[in-house]
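Data from input-v3.pdb: PDB, C-alpha atoms, pLDDT in the B column
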```
ATOM      1  CA  MET H  31     -99.006 -24.805 109.736  1.00 28.00           C
ATOM      2  CA  ILE H  32    -100.575 -23.025 106.771  1.00 33.00           C
ATOM      3  CA  PHE H  33    -104.150 -23.953 105.945  1.00 31.00           C
ATOM      4  CA  LYS H  34    -105.279 -24.181 102.322  1.00 34.00           C
ATOM      5  CA  ASN H  35    -107.958 -21.493 102.584  1.00 37.00           C
ATOM      6  CA  ILE H  36    -105.983 -19.043 104.693  1.00 40.00           C
ATOM      7  CA  ALA H  37    -103.717 -16.100 103.904  1.00 44.00           C
ATOM      8  CA  ILE H  38    -101.172 -15.443 106.652  1.00 46.00           C
ATOM      9  CA  LEU H  39    -100.797 -11.850 107.884  1.00 46.00           C
ATOM     10  CA  SER H  40     -97.741 -10.305 109.471  1.00 45.00           C
ATOM     11  CA  ALA H  41     -97.982  -6.747 110.740  1.00 43.00           C
ATOM     12  CA  PHE H  42     -94.640  -5.755 112.121  1.00 38.00           C
ATOM     13  CA  THR H  43     -92.358  -4.685 109.305  1.00 37.00           C
ATOM     14  CA  ALA H  44     -93.187  -2.105 106.666  1.00 41.00           C
ATOM     15  CA  VAL H  45     -94.131   0.953 108.663  1.00 42.00           C
ATOM     16  CA  SER H  46     -91.729   3.856 108.395  1.00 42.00           C
ATOM     17  CA  MET H  47     -91.657   7.269 110.008  1.00 45.00           C
ATOM     18  CA  ALA H  48     -89.735  10.411 109.096  1.00 42.00           C
ATOM     19  CA  VAL H  49     -88.977  12.712 112.012  1.00 38.00           C
ATOM     20  CA  THR H  50     -86.935  15.898 111.930  1.00 36.00           C
ATOM     21  CA  VAL H  51     -86.288  16.258 115.677  1.00 36.00           C
ATOM     22  CA  HIS H  52     -83.671  13.685 116.653  1.00 40.00           C
ATOM     23  CA  ALA H  53     -83.942  14.284 120.414  1.00 44.00           C
ATOM     24  CA  THR H  54     -87.511  13.032 120.367  1.00 59.00           C
ATOM     25  CA  ASP H  55     -88.090   9.482 121.521  1.00 75.00           C
ATOM     26  CA  LEU H  56     -90.801   8.265 119.137  1.00 82.00           C
ATOM     27  CA  SER H  57     -91.945   4.676 119.168  1.00 83.00           C
ATOM     28  CA  LEU H  58     -94.328   2.796 116.935  1.00 85.00           C
ATOM     29  CA  THR H  59     -96.263  -0.404 117.472  1.00 87.00           C
ATOM     30  CA  LYS H  60     -98.427  -2.147 114.900  1.00 88.00           C
ATOM     31  CA  ALA H  61    -100.680  -5.182 115.021  1.00 88.00           C
ATOM     32  CA  ALA H  62    -103.203  -6.879 112.747  1.00 88.00           C
ATOM     33  CA  ILE H  63    -106.475  -7.311 114.653  1.00 90.00           C
ATOM     34  CA  ASP H  64    -109.956  -8.644 113.992  1.00 89.00           C
ATOM     35  CA  SER H  65    -113.239  -6.806 114.601  1.00 90.00           C
ATOM     36  CA  GLN H  66    -113.139  -7.878 118.264  1.00 91.00           C
ATOM     37  CA  GLY H  67    -109.670  -6.357 118.783  1.00 90.00           C
ATOM     38  CA  ARG H  68    -107.944  -9.751 119.001  1.00 89.00           C
ATOM     39  CA  ALA H  69    -104.563 -10.398 117.386  1.00 87.00           C
ATOM     40  CA  LEU H  70    -105.021 -11.718 113.862  1.00 85.00           C
ATOM     41  CA  ILE H  71    -102.538 -14.222 112.465  1.00 82.00           C
ATOM     42  CA  GLU H  72    -104.584 -15.935 109.763  1.00 83.00           C
ATOM     43  CA  ALA H  73    -107.360 -14.666 107.524  1.00 84.00           C
ATOM     44  CA  ALA H  74    -109.222 -16.191 104.619  1.00 85.00           C
ATOM     45  CA  PRO H  75    -109.565 -14.308 101.321  1.00 88.00           C
ATOM     46  CA  GLY H  76    -112.420 -11.816 101.594  1.00 90.00           C
ATOM     47  CA  THR H  77    -111.888 -11.283 105.325  1.00 90.00           C
ATOM     48  CA  GLU H  78    -111.996  -7.695 106.579  1.00 93.00           C
ATOM     49  CA  PHE H  79    -109.551  -6.821 109.366  1.00 93.00           C
ATOM     50  CA  PHE H  80    -107.619  -3.886 110.822  1.00 94.00           C
ATOM     51  CA  TYR H  81    -104.048  -2.737 111.240  1.00 92.00           C
ATOM     52  CA  GLU H  82    -103.817  -0.816 114.511  1.00 93.00           C
ATOM     53  CA  ILE H  83    -100.805   1.488 114.809  1.00 91.00           C
ATOM     54  CA  PHE H  84     -99.771   3.528 117.840  1.00 91.00           C
ATOM     55  CA  VAL H  85     -97.258   6.378 117.517  1.00 89.00           C
ATOM     56  CA  ASN H  86     -95.951   7.508 120.896  1.00 88.00           C
ATOM     57  CA  ASP H  87     -93.584  10.274 122.000  1.00 86.00           C
ATOM     58  CA  SER H  88     -92.256   9.151 125.366  1.00 79.00           C
ATOM     59  CA  LYS H  89     -89.513  11.759 125.744  1.00 70.00           C
ATOM     60  CA  GLU H  90     -90.348  14.144 128.575  1.00 71.00           C
ATOM     61  CA  ASN H  91     -90.386  17.850 127.688  1.00 70.00           C
ATOM     62  CA  ILE H  92     -89.389  17.244 124.050  1.00 74.00           C
ATOM     63  CA  GLU H  93     -91.956  17.174 121.272  1.00 77.00           C
ATOM     64  CA  GLY H  94     -91.534  15.719 117.802  1.00 78.00           C
ATOM     65  CA  SER H  95     -92.152  17.982 114.842  1.00 80.00           C
ATOM     66  CA  ASN H  96     -92.888  17.143 111.202  1.00 83.00           C
ATOM     67  CA  VAL H  97     -93.902  13.599 112.129  1.00 87.00           C
ATOM     68  CA  PHE H  98     -95.041  11.495 109.155  1.00 87.00           C
ATOM     69  CA  LEU H  99     -96.052   7.849 108.922  1.00 89.00           C
ATOM     70  CA  THR H 100     -95.950   5.802 105.720  1.00 89.00           C
ATOM     71  CA  ASP H 101     -97.138   2.194 105.439  1.00 90.00           C
ATOM     72  CA  THR H 102     -97.020   0.313 102.140  1.00 89.00           C
ATOM     73  CA  LEU H 103     -99.349  -2.670 102.238  1.00 90.00           C
ATOM     74  CA  PRO H 104     -98.855  -5.767 100.063  1.00 89.00           C
ATOM     75  CA  GLU H 105    -100.894  -6.260  96.884  1.00 90.00           C
ATOM     76  CA  GLU H 106    -102.863  -9.105  98.470  1.00 90.00           C
ATOM     77  CA  ILE H 107    -104.404  -6.607 100.881  1.00 92.00           C
ATOM     78  CA  GLN H 108    -107.055  -4.085  99.810  1.00 94.00           C
ATOM     79  CA  VAL H 109    -106.906  -0.854 101.815  1.00 95.00           C
ATOM     80  CA  LEU H 110    -110.454   0.305 102.562  1.00 96.00           C
ATOM     81  CA  GLN H 111    -110.104   3.204 105.008  1.00 97.00           C
ATOM     82  CA  VAL H 112    -107.696   4.938 107.376  1.00 97.00           C
ATOM     83  CA  THR H 113    -108.554   6.979 110.457  1.00 97.00           C
ATOM     84  CA  ALA H 114    -106.371   8.593 113.112  1.00 97.00           C
ATOM     85  CA  ASP H 115    -106.937  10.301 116.442  1.00 96.00           C
ATOM     86  CA  ARG H 116    -105.651  13.442 114.749  1.00 94.00           C
ATOM     87  CA  GLY H 117    -103.612  14.572 111.778  1.00 94.00           C
ATOM     88  CA  LEU H 118    -104.238  14.080 108.080  1.00 96.00           C
ATOM     89  CA  CYS H 119    -104.198  10.566 106.625  1.00 96.00           C
ATOM     90  CA  ALA H 120    -104.604   9.463 103.022  1.00 96.00           C
ATOM     91  CA  ILE H 121    -104.629   6.319 100.899  1.00 96.00           C
ATOM     92  CA  GLN H 122    -103.085   6.106  97.449  1.00 95.00           C
ATOM     93  CA  ASP H 123    -103.132   2.623  95.944  1.00 92.00           C
ATOM     94  CA  GLN H 124    -101.337   0.437  98.520  1.00 92.00           C
ATOM     95  CA  ILE H 125     -99.736   3.316 100.427  1.00 91.00           C
ATOM     96  CA  VAL H 126    -101.165   4.823 103.616  1.00 93.00           C
ATOM     97  CA  THR H 127     -99.656   8.127 104.749  1.00 91.00           C
ATOM     98  CA  CYS H 128    -100.341  10.251 107.816  1.00 93.00           C
ATOM     99  CA  ASP H 129     -99.032  13.720 108.660  1.00 93.00           C
ATOM    100  CA  PHE H 130     -99.258  14.355 112.385  1.00 92.00           C
ATOM    101  CA  GLY H 131     -97.299  17.613 112.473  1.00 90.00           C
ATOM    102  CA  THR H 132     -96.133  18.012 116.066  1.00 88.00           C
ATOM    103  CA  VAL H 133     -96.416  15.142 118.545  1.00 88.00           C
ATOM    104  CA  ALA H 134     -96.315  16.390 122.141  1.00 88.00           C
ATOM    105  CA  ASP H 135     -94.225  14.718 124.824  1.00 86.00           C
ATOM    106  CA  GLY H 136     -96.211  11.850 126.326  1.00 87.00           C
ATOM    107  CA  GLU H 137     -98.738  11.880 123.459  1.00 91.00           C
ATOM    108  CA  THR H 138     -99.964   8.710 121.765  1.00 92.00           C
ATOM    109  CA  ILE H 139    -101.747   8.779 118.397  1.00 94.00           C
ATOM    110  CA  ARG H 140    -103.796   5.782 117.231  1.00 96.00           C
ATOM    111  CA  VAL H 141    -104.124   5.002 113.521  1.00 95.00           C
ATOM    112  CA  LEU H 142    -106.603   2.387 112.327  1.00 96.00           C
ATOM    113  CA  ILE H 143    -106.326   0.988 108.809  1.00 95.00           C
ATOM    114  CA  THR H 144    -109.369  -0.983 107.657  1.00 96.00           C
ATOM    115  CA  ALA H 145    -108.274  -3.622 105.157  1.00 94.00           C
ATOM    116  CA  LYS H 146    -109.443  -6.783 103.436  1.00 93.00           C
ATOM    117  CA  VAL H 147    -107.657  -9.842 102.092  1.00 91.00           C
ATOM    118  CA  ARG H 148    -108.278  -9.783  98.338  1.00 91.00           C
ATOM    119  CA  GLU H 149    -110.263 -12.697  96.902  1.00 89.00           C
ATOM    120  CA  SER H 150    -107.375 -13.185  94.458  1.00 88.00           C
ATOM    121  CA  ALA H 151    -104.835 -13.784  97.258  1.00 83.00           C
ATOM    122  CA  ALA H 152    -103.131 -17.135  96.776  1.00 79.00           C
ATOM    123  CA  LEU H 153    -104.570 -19.722  99.147  1.00 76.00           C
ATOM    124  CA  GLY H 154    -102.078 -20.780 101.781  1.00 75.00           C
ATOM    125  CA  ALA H 155     -99.678 -17.965 100.928  1.00 74.00           C
ATOM    126  CA  ALA H 156     -97.827 -15.941 103.527  1.00 74.00           C
ATOM    127  CA  VAL H 157     -98.724 -12.247 103.144  1.00 74.00           C
ATOM    128  CA  LEU H 158     -96.106 -10.049 104.769  1.00 69.00           C
ATOM    129  CA  ASN H 159     -96.569  -6.342 105.318  1.00 70.00           C
ATOM    130  CA  ASN H 160     -93.015  -5.365 104.361  1.00 58.00           C
TER     131      ASN H 160
END
```

Can the structure from this file be put into structure tokens for me?
Amino acid sequence: MIFKNIAILSAFTAVSMAVTVHATDLSLTKAAIDSQGRALIEAAPGTEFFYEIFVNDSKENIEGSNVFLTDTLPEEIQVLQVTADRGLCAIQDQIVTCDFGTVADGETIRVLITAKVRESAALGAAVLNN
């Protein structure tokens, strides 16, 4: 059910990573969460929320090199800030990029994107991050 004053958020599609070491077993998980860390499915225009991304190298004794993350967020979402456990992250318009360099075996890097549903987002619309 879609409520009239709600924009629907989906967080599991438009994250991409470029990795040059193919033997590395990198995984990525992403979720939209509220300020309490709870899964966020619906948000009204003007609501601030977070995309939490985890990049993990689970391959033993093999590290990933030249690891990049790119996430293009939909126009209905305003990107406010991005932070990561380490590496360099930047925002340009709707695109969040992070350069982690080398990711050690067993290492997990957390990225937190602070975002807000734009006031102009269509009420009742599904907003997909793809």

task: With the file shown as input, list the residues that the PyMOL selection byres ((chain H and resi 83) around 7) selects, as a PyMOL selection string.
output: chain H and resi 58-61+81-82+84-85+140-142

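The interatomic distance for the pair CA of Val126 (chain H) and CA of Thr113 (chain H) works out to 10.3 Å.
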
Result set, the PyMOL selection byres ((chain H and resi 110) around 7) on current file, as a ChimeraX atom specification: /H:108-109,111,144-145

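Counting from CA of Thr77 (chain H), the distance to CA of Glu149 (chain H) is 8.7 Å.
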
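Of the residues under consideration (H:Leu153, H:Ile92, H:Ala62, H:Ile121), H:Ile92 shows the shortest atom-to-atom contact distance to Glu137 (chain H) when counting only C-alpha atoms.
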
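Atom pair CA of Ala152 (chain H) / CA of Leu99 (chain H) has a distance of 28.7 Å (rounded to one decimal).
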
- request: For Glu78 (chain H), work out the shell of residues within 9 Å, counting only C-alpha atoms and skipping chain neighbours fewer than 5 positions away, then give it as a ChimeraX atom specification.
  value: /H:64-65,73,144-147

Store the residues of this selection in a file with C-alpha atoms, as a short mmCIF file (atom, residue, chain, number, x, y, z; two decimals), in the frame of the given file.
```
data_model
loop_
_atom_site.label_atom_id
_atom_site.label_comp_id
_atom_site.auth_asym_id
_atom_site.auth_seq_id
_atom_site.Cartn_x
_atom_site.Cartn_y
_atom_site.Cartn_z
CA ASP H 64 -109.96 -8.64 113.99
CA SER H 65 -113.24 -6.81 114.60
CA ALA H 73 -107.36 -14.67 107.52
CA THR H 144 -109.37 -0.98 107.66
CA ALA H 145 -108.27 -3.62 105.16
CA LYS H 146 -109.44 -6.78 103.44
CA VAL H 147 -107.66 -9.84 102.09
#
```

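Residue nearest Asn96 (chain H), chosen from H:Ile71, H:Cys119, H:Val133, H:Ala155 and counting all atoms listed in the file: H:Val133.
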
query: Which is closer to Ile143 (chain H) than all the others in H:Leu56, H:Val97, H:Leu70, H:Leu103, using only C-alpha atoms?
result: H:Leu103

Selected residue of minimal separation from Ser88 (chain H) among H:Ala114, H:Ala156, H:Ala151, H:Ile139, counting only C-alpha atoms: H:Ile139

- line: Ala134 (chain H) proximity check over H:Pro104, H:Gly94, H:Gly154, H:Gly117, using all atoms listed in the file: winner is H:Gly94

message: From the options H:Ile107, H:Arg116, H:Gly136, H:Gln124, which residue's atoms come nearest to Pro75 (chain H), counting all atoms listed in the file?
response: H:Ile107
